[in-house]
Amino acid sequence: MENIAIQNEVDRIEDINVGRSNDTDSMPDLRRELELLQKKMLRVVELRNTEIQRVNPAQKSSYINLLFYLVLRSEDIRDLQTQLHIVGLSSLSSSESHIYCQLIAILERLGKEFIPDDKYAYSYKKASYDLRFKSKALFGEKRELMIPFIMVTLDTSFGEDYGKLKELLLTGMNVARINCAHDDEAVWAKMIKNVRRAMEETHLPCKIYMDLAGPKIRTILPGGKNKKRKIEVEPGEMIYLTDDVGDDDSEEKWVGCTIKGIIQQLKTGERVLFDDGSIECKIENLEKDKATLTVIRVSRKKPYIKPEKGINFPDSKLSLSSITDFDMACLPFICQHTDLLGYSFVRNSNDLLQLQNLLSDQRRKDILIILKIETREAVGNLPSLLVQGMQDRAFGVMIARGDLAIELGFERMSEIQEEILWICEAAHVPVIWATQVLETLNKTGLATRSEITDASYSGFAECVMINKGEHTVEVIETLKDILFRGGGHHIKKRYTFRPLSIAKDYLSTIETF
């Protein structure tokens, strides 16, 4: 099938070439297609004018550029791009941040005249400045201009180990992340105190970032607080998911979940995933307070469901508040100490509006929000989430690849993370590349080959998040090395050509240039 697809693409390009006896013959057709795109873009801006006026004044041009880009990406322009490339014109790729200005530039090359002060001609230079300005607002002063900011997740021990935290700051940490799903306010306060102390002693800036825990659904097993309890499962057998499991551990194949009311929102045929997707089940039958599941796949050596492991419902549309009672209880402390607030499991613009209102109530509208994109619903609602975020002067997006991969399927992650990067760049929204960056190195002291390649792609984002581990300093050093090397080859996703030693060495054997 892959060979057929490749041949079809080759045939398609050949058809384009054969259909044109002379490259210049196609110019009027190219111009007409591009003018049609321009009209569609301007029409959408006209229709959205009221909404444009509601966003923060600093975000208006970004919203308009986002609309232009969404119009472009709602069309299949692959043939148009091929024709533009053949005649030596920009194919509109790598122009997310200034798409209308790029379109105008191409049309000008094709003979169309424009008023010099076109109000929508948002240049590459202006777009680059805006993105840098917003990144600075979020992450502070950048010490290493050629690489993204580096965010480090703080371990519980950093509340006591000041020396290790200071070492992280000296090595390159720009943002200290505290995950409020773990520890408590007393531990968080110690971490923050040590970060502030390290900043004073080193004279290095560092932002404090705190994550709301959000409605993470986890397993409860019969037997109450017996954390050693586990349920062995194998493909083909039945297990039962319920809202409530008691202290009696005689029910061997029953699993409860931490959030009540889930069962009533499920449908037969939907999937249920346990423990980061390592165990996959399908709903066979539903009763008032019980779902019968068939185990489809067990992707681990030890086939057990254990307490306090994550549960995902990738096919289900659940009605859950993205801000939990626990989050509400933590919010006063967070607002007192943090610079950035991560919004876990945000799904839609109403969720974001709720948090914006809560921060306003706490008189902390200066705290900047990071939208953690980790659900299927959030991906589908990304444009409307960005528009709601534009009510503020600046905000960011985190590609939370852990839960997102479980929700969408690991096979789609490469595609989806690129789409998020494209759309956020069109909106001039800084992006954090997160989850399992150099994870094996962090845990064992030795990186795998594949995660080195993965880490190199983090250079497409404005910030990279590192999880906690035993070798965090080595991870920062390795990541910086990888990003420095790759940074000379691209700016964001636009590849640039610095001299290649391979080329120079070969040509030196032929003649001297």
# chains A, B, ... in the order shown; residues from 1 in each chain; ligands from 1

call {"tool": "residues_around", "arguments": {"residues": "A:Gly277", "least_positions_apart": "6", "cutoff": "12 Å", "atoms": "only C-alpha atoms", "output": "list in words"}}
result
Arg271, Ile296, Arg297, Val298, Ser299, Arg300, Ile305, Lys309, Gly310, Ile311, Asn312, Phe313, Pro314, Gly402, Asp403, Leu404, Ala405, Ile406, Glu407, Leu408, Gly409 and Phe410 of chain A

call {"tool": "residues_around", "arguments": {"residues": "stretch 477-488 of chain A", "least_positions_apart": "4", "cutoff": "10 Å", "atoms": "only C-alpha atoms", "output": "PyMOL selection string"}}
result
chain A and resi 144-150+168+171-172+437-438+441+447+452-453+455-460+464+466+472-473+492+495-499

call {"tool": "closest_atom_pairs", "arguments": {"of": "stretch 167-271 of chain A", "to": "stretch 371-392 of chain A", "cutoff": "12 Å", "atoms": "only C-alpha atoms", "output": "CSV"}}
result
residue,atom,partner,partner_atom,distance
A:Met210,CA,A:Lys372,CA,12.0
A:Asp211,CA,A:Lys372,CA,9.2
A:Leu212,CA,A:Lys372,CA,10.1
A:Ala213,CA,A:Lys372,CA,11.2
A:Gly214,CA,A:Lys372,CA,10.5
A:Pro215,CA,A:Thr375,CA,11.8
A:Lys216,CA,A:Glu374,CA,11.2

call {"tool": "residues_around", "arguments": {"residues": "A:Arg48", "least_positions_apart": "2", "cutoff": "12 Å", "atoms": "only C-alpha atoms", "output": "PyMOL selection string"}}
result
chain A and resi 41-46+50-55+60+63-64+66-68+387

call {"tool": "select_by_dssp", "arguments": {"residues": "stretch 107-281 of chain A", "states": "strand (DSSP E)", "output": "PyMOL selection string"}}
result
chain A and resi 149-153+175-179+207-211+219-220+231-232+238-242+254-257+271-274+279-281

call {"tool": "closest_residue", "arguments": {"among": "A:Thr156, A:Ser61, A:Ser26, A:Asn174", "to": "A:Leu80", "atoms": "only C-alpha atoms"}}
result
A:Ser26

call {"tool": "residues_around", "arguments": {"residues": "stretch 358-365 of chain A", "least_positions_apart": "5", "cutoff": "9 Å", "atoms": "only C-alpha atoms", "output": "PyMOL selection string"}}
result
chain A and resi 331-332+335-336+353+392

call {"tool": "write_last_selection", "arguments": {"atoms": "C-alpha atoms", "output": "PDB file, in the first residue's frame"}}
result
ATOM      1  CA  LEU A 331      -5.515  27.961  44.397  1.00  0.00           C
ATOM      2  CA  PRO A 332      -4.908  30.575  47.157  1.00  0.00           C
ATOM      3  CA  CYS A 335      -1.725  32.454  43.506  1.00  0.00           C
ATOM      4  CA  GLN A 336       0.493  33.629  46.349  1.00  0.00           C
ATOM      5  CA  LEU A 353     -12.933  31.196  31.080  1.00  0.00           C
ATOM      6  CA  ASP A 392      -4.995  37.769  28.253  1.00  0.00           C
TER       7      ASP A 392
END

call {"tool": "closest_residue", "arguments": {"among": "A:Asp184, A:Asp79, A:Glu96, A:Asp315", "to": "A:Gly159", "atoms": "only C-alpha atoms"}}
result
A:Asp184

call {"tool": "residues_around", "arguments": {"residues": "A:Gly469", "least_positions_apart": "5", "cutoff": "9 Å", "atoms": "only C-alpha atoms", "output": "number ranges by chain"}}
result
A: 153, 155, 439, 441-444

call {"tool": "closest_atom_pairs", "arguments": {"of": "stretch 208-276 of chain A", "to": "stretch 285-295 of chain A", "cutoff": "9 Å", "atoms": "only C-alpha atoms", "output": "tab-separated table"}}
result
residue	atom	partner	partner_atom	distance
A:Val233	CA	A:Val295	CA	7.4
A:Glu234	CA	A:Val295	CA	6.6
A:Pro235	CA	A:Val295	CA	4.8
A:Gly236	CA	A:Val295	CA	5.3
A:Glu237	CA	A:Val295	CA	5.7
A:Met238	CA	A:Thr294	CA	4.7
A:Ile239	CA	A:Leu293	CA	5.3
A:Tyr240	CA	A:Thr292	CA	4.8
A:Leu241	CA	A:Ala291	CA	5.1
A:Thr242	CA	A:Lys290	CA	4.6
A:Asp243	CA	A:Asp289	CA	6.1
A:Asp244	CA	A:Asp289	CA	8.1
A:Gly261	CA	A:Asp289	CA	8.5
A:Ile263	CA	A:Asp289	CA	6.2
A:Gln264	CA	A:Lys288	CA	6.7
A:Leu266	CA	A:Leu286	CA	7.9
A:Lys267	CA	A:Leu286	CA	7.4
A:Thr268	CA	A:Asn285	CA	5.9
A:Gly269	CA	A:Asn285	CA	8.5
A:Arg271	CA	A:Leu293	CA	8.7
A:Val272	CA	A:Leu293	CA	8.1

call {"tool": "residues_around", "arguments": {"residues": "A:Gln265", "least_positions_apart": "6", "cutoff": "10 Å", "atoms": "only C-alpha atoms", "output": "PyMOL selection string"}}
result
chain A and resi 316-319

call {"tool": "write_last_selection", "arguments": {"atoms": "N, CA, C and O atoms", "output": "PDB file, in the first residue's frame"}}
result
ATOM      1  N   SER A 316     -14.797   8.245  25.119  1.00  0.00           N
ATOM      2  CA  SER A 316     -15.960   8.730  25.869  1.00  0.00           C
ATOM      3  C   SER A 316     -15.926  10.244  26.015  1.00  0.00           C
ATOM      4  O   SER A 316     -14.847  10.836  26.164  1.00  0.00           O
ATOM      5  N   LYS A 317     -17.087  10.849  25.969  1.00  0.00           N
ATOM      6  CA  LYS A 317     -17.198  12.286  26.224  1.00  0.00           C
ATOM      7  C   LYS A 317     -17.733  12.453  27.637  1.00  0.00           C
ATOM      8  O   LYS A 317     -18.929  12.298  27.895  1.00  0.00           O
ATOM      9  N   LEU A 318     -16.827  12.752  28.557  1.00  0.00           N
ATOM     10  CA  LEU A 318     -17.181  12.823  29.961  1.00  0.00           C
ATOM     11  C   LEU A 318     -17.493  14.250  30.380  1.00  0.00           C
ATOM     12  O   LEU A 318     -16.812  15.192  29.955  1.00  0.00           O
ATOM     13  N   SER A 319     -18.505  14.385  31.193  1.00  0.00           N
ATOM     14  CA  SER A 319     -18.852  15.683  31.750  1.00  0.00           C
ATOM     15  C   SER A 319     -18.185  15.813  33.113  1.00  0.00           C
ATOM     16  O   SER A 319     -18.710  15.367  34.132  1.00  0.00           O
TER      17      SER A 319
END

call {"tool": "closest_residue", "arguments": {"among": "A:Cys463, A:Leu103, A:Leu273, A:Ile259", "to": "A:Ser90", "atoms": "only C-alpha atoms"}}
result
A:Leu103

call {"tool": "residues_around", "arguments": {"residues": "A:Gln38", "least_positions_apart": "2", "cutoff": "12 Å", "atoms": "only C-alpha atoms", "output": "list in words"}}
result
Arg31, Arg32, Glu33, Leu34, Glu35, Leu36, Lys40, Met41, Leu42, Arg43, Val44, Val45, Leu67, Phe68, Tyr69, Val71, Leu72, Ile99, Tyr100, Cys101, Gln102, Leu103, Ile104, Ala105, Ile106, Leu107, Tyr120 and Ala121 of chain A

call {"tool": "closest_residue", "arguments": {"among": "A:Asn348, A:Glu113, A:Leu70, A:Leu30", "to": "A:Thr82", "atoms": "only C-alpha atoms"}}
result
A:Leu30

call {"tool": "select_by_dssp", "arguments": {"residues": "stretch 214-454 of chain A", "states": "alpha helix (DSSP H)", "output": "number ranges by chain"}}
result
A: 325-337, 349-361, 376-380, 382-389, 401-408, 413-426, 439-444, 449-454

call {"tool": "atom_distance", "arguments": {"atom1": "atom CA of A:Arg393", "atom2": "atom CA of A:Ala137"}}
result
9.1 Å

call {"tool": "decode", "arguments": {"residues": "stretch 208-221 of chain A", "atoms": "all heavy atoms", "output": "mmCIF file, in the first residue's frame"}}
result
data_model
loop_
_atom_site.group_PDB
_atom_site.id
_atom_site.type_symbol
_atom_site.label_atom_id
_atom_site.label_comp_id
_atom_site.auth_asym_id
_atom_site.auth_seq_id
_atom_site.Cartn_x
_atom_site.Cartn_y
_atom_site.Cartn_z
ATOM 1 N N ILE A 208 8.644 30.435 38.476
ATOM 2 C CA ILE A 208 7.969 29.358 39.207
ATOM 3 C C ILE A 208 6.704 28.987 38.442
ATOM 4 O O ILE A 208 5.874 29.842 38.128
ATOM 5 C CB ILE A 208 7.590 29.790 40.639
ATOM 6 C CG1 ILE A 208 8.829 30.228 41.420
ATOM 7 C CG2 ILE A 208 6.862 28.655 41.355
ATOM 8 C CD1 ILE A 208 9.792 29.126 41.721
ATOM 9 N N TYR A 209 6.593 27.701 38.133
ATOM 10 C CA TYR A 209 5.426 27.178 37.404
ATOM 11 C C TYR A 209 4.770 26.117 38.278
ATOM 12 O O TYR A 209 5.452 25.217 38.791
ATOM 13 C CB TYR A 209 5.900 26.566 36.088
ATOM 14 C CG TYR A 209 4.884 25.732 35.325
ATOM 15 C CD1 TYR A 209 4.214 26.256 34.241
ATOM 16 C CD2 TYR A 209 4.613 24.415 35.691
ATOM 17 C CE1 TYR A 209 3.290 25.479 33.530
ATOM 18 C CE2 TYR A 209 3.709 23.653 34.992
ATOM 19 C CZ TYR A 209 3.043 24.181 33.914
ATOM 20 O OH TYR A 209 2.134 23.416 33.230
ATOM 21 N N MET A 210 3.455 26.224 38.473
ATOM 22 C CA MET A 210 2.732 25.230 39.271
ATOM 23 C C MET A 210 1.564 24.687 38.451
ATOM 24 O O MET A 210 0.832 25.444 37.811
ATOM 25 C CB MET A 210 2.239 25.838 40.584
ATOM 26 C CG MET A 210 3.365 26.384 41.461
ATOM 27 S SD MET A 210 2.836 27.034 43.056
ATOM 28 C CE MET A 210 2.566 25.508 43.971
ATOM 29 N N ASP A 211 1.419 23.364 38.474
ATOM 30 C CA ASP A 211 0.335 22.681 37.764
ATOM 31 C C ASP A 211 -0.850 22.443 38.691
ATOM 32 O O ASP A 211 -0.679 21.892 39.786
ATOM 33 C CB ASP A 211 0.801 21.287 37.292
ATOM 34 C CG ASP A 211 1.458 21.323 35.940
ATOM 35 O OD1 ASP A 211 0.990 22.070 35.083
ATOM 36 O OD2 ASP A 211 2.446 20.597 35.752
ATOM 37 N N LEU A 212 -2.039 22.803 38.255
ATOM 38 C CA LEU A 212 -3.237 22.287 38.920
ATOM 39 C C LEU A 212 -3.292 20.773 38.694
ATOM 40 O O LEU A 212 -2.951 20.291 37.614
ATOM 41 C CB LEU A 212 -4.493 22.931 38.348
ATOM 42 C CG LEU A 212 -4.685 24.435 38.615
ATOM 43 C CD1 LEU A 212 -5.885 24.940 37.839
ATOM 44 C CD2 LEU A 212 -4.836 24.710 40.093
ATOM 45 N N ALA A 213 -3.714 20.036 39.690
ATOM 46 C CA ALA A 213 -3.743 18.575 39.559
ATOM 47 C C ALA A 213 -4.776 18.122 38.540
ATOM 48 O O ALA A 213 -4.527 17.205 37.747
ATOM 49 C CB ALA A 213 -4.025 17.938 40.913
ATOM 50 N N GLY A 214 -5.948 18.786 38.541
ATOM 51 C CA GLY A 214 -6.983 18.424 37.581
ATOM 52 C C GLY A 214 -7.655 17.101 37.912
ATOM 53 O O GLY A 214 -7.265 16.390 38.843
ATOM 54 N N PRO A 215 -8.662 16.720 37.123
ATOM 55 C CA PRO A 215 -9.450 15.510 37.405
ATOM 56 C C PRO A 215 -8.792 14.236 36.883
ATOM 57 O O PRO A 215 -9.302 13.575 35.988
ATOM 58 C CB PRO A 215 -10.767 15.791 36.679
ATOM 59 C CG PRO A 215 -10.355 16.617 35.502
ATOM 60 C CD PRO A 215 -9.208 17.471 35.980
ATOM 61 N N LYS A 216 -7.644 13.911 37.408
ATOM 62 C CA LYS A 216 -6.965 12.672 37.014
ATOM 63 C C LYS A 216 -7.722 11.492 37.615
ATOM 64 O O LYS A 216 -7.854 11.387 38.833
ATOM 65 C CB LYS A 216 -5.519 12.678 37.511
ATOM 66 C CG LYS A 216 -4.710 11.441 37.146
ATOM 67 C CD LYS A 216 -4.353 11.406 35.679
ATOM 68 C CE LYS A 216 -3.397 10.260 35.360
ATOM 69 N NZ LYS A 216 -3.037 10.205 33.939
ATOM 70 N N ILE A 217 -8.215 10.613 36.764
ATOM 71 C CA ILE A 217 -9.000 9.454 37.219
ATOM 72 C C ILE A 217 -8.044 8.296 37.497
ATOM 73 O O ILE A 217 -7.271 7.898 36.621
ATOM 74 C CB ILE A 217 -10.044 9.053 36.164
ATOM 75 C CG1 ILE A 217 -10.887 10.267 35.772
ATOM 76 C CG2 ILE A 217 -10.936 7.935 36.696
ATOM 77 C CD1 ILE A 217 -11.794 10.038 34.578
ATOM 78 N N ARG A 218 -8.098 7.763 38.705
ATOM 79 C CA ARG A 218 -7.176 6.696 39.096
ATOM 80 C C ARG A 218 -7.943 5.490 39.654
ATOM 81 O O ARG A 218 -9.113 5.584 40.011
ATOM 82 C CB ARG A 218 -6.173 7.201 40.135
ATOM 83 C CG ARG A 218 -5.292 8.321 39.596
ATOM 84 C CD ARG A 218 -4.180 8.689 40.565
ATOM 85 N NE ARG A 218 -3.362 9.788 40.057
ATOM 86 C CZ ARG A 218 -2.337 9.637 39.231
ATOM 87 N NH1 ARG A 218 -2.001 8.426 38.822
ATOM 88 N NH2 ARG A 218 -1.644 10.678 38.825
ATOM 89 N N THR A 219 -7.250 4.376 39.704
ATOM 90 C CA THR A 219 -7.868 3.124 40.138
ATOM 91 C C THR A 219 -7.971 3.036 41.662
ATOM 92 O O THR A 219 -7.118 3.531 42.388
ATOM 93 C CB THR A 219 -7.063 1.916 39.643
ATOM 94 O OG1 THR A 219 -5.709 2.034 40.105
ATOM 95 C CG2 THR A 219 -7.063 1.833 38.130
ATOM 96 N N ILE A 220 -9.052 2.389 42.111
ATOM 97 C CA ILE A 220 -9.212 1.971 43.506
ATOM 98 C C ILE A 220 -9.531 0.486 43.470
ATOM 99 O O ILE A 220 -10.376 0.045 42.684
ATOM 100 C CB ILE A 220 -10.369 2.719 44.202
ATOM 101 C CG1 ILE A 220 -10.174 4.236 44.114
ATOM 102 C CG2 ILE A 220 -10.494 2.279 45.660
ATOM 103 C CD1 ILE A 220 -11.366 5.029 44.626
ATOM 104 N N LEU A 221 -8.867 -0.296 44.283
ATOM 105 C CA LEU A 221 -9.121 -1.740 44.308
ATOM 106 C C LEU A 221 -9.803 -2.148 45.600
ATOM 107 O O LEU A 221 -9.654 -1.478 46.628
ATOM 108 C CB LEU A 221 -7.806 -2.510 44.153
ATOM 109 C CG LEU A 221 -7.019 -2.262 42.853
ATOM 110 C CD1 LEU A 221 -5.842 -3.220 42.768
ATOM 111 C CD2 LEU A 221 -7.905 -2.401 41.627
#
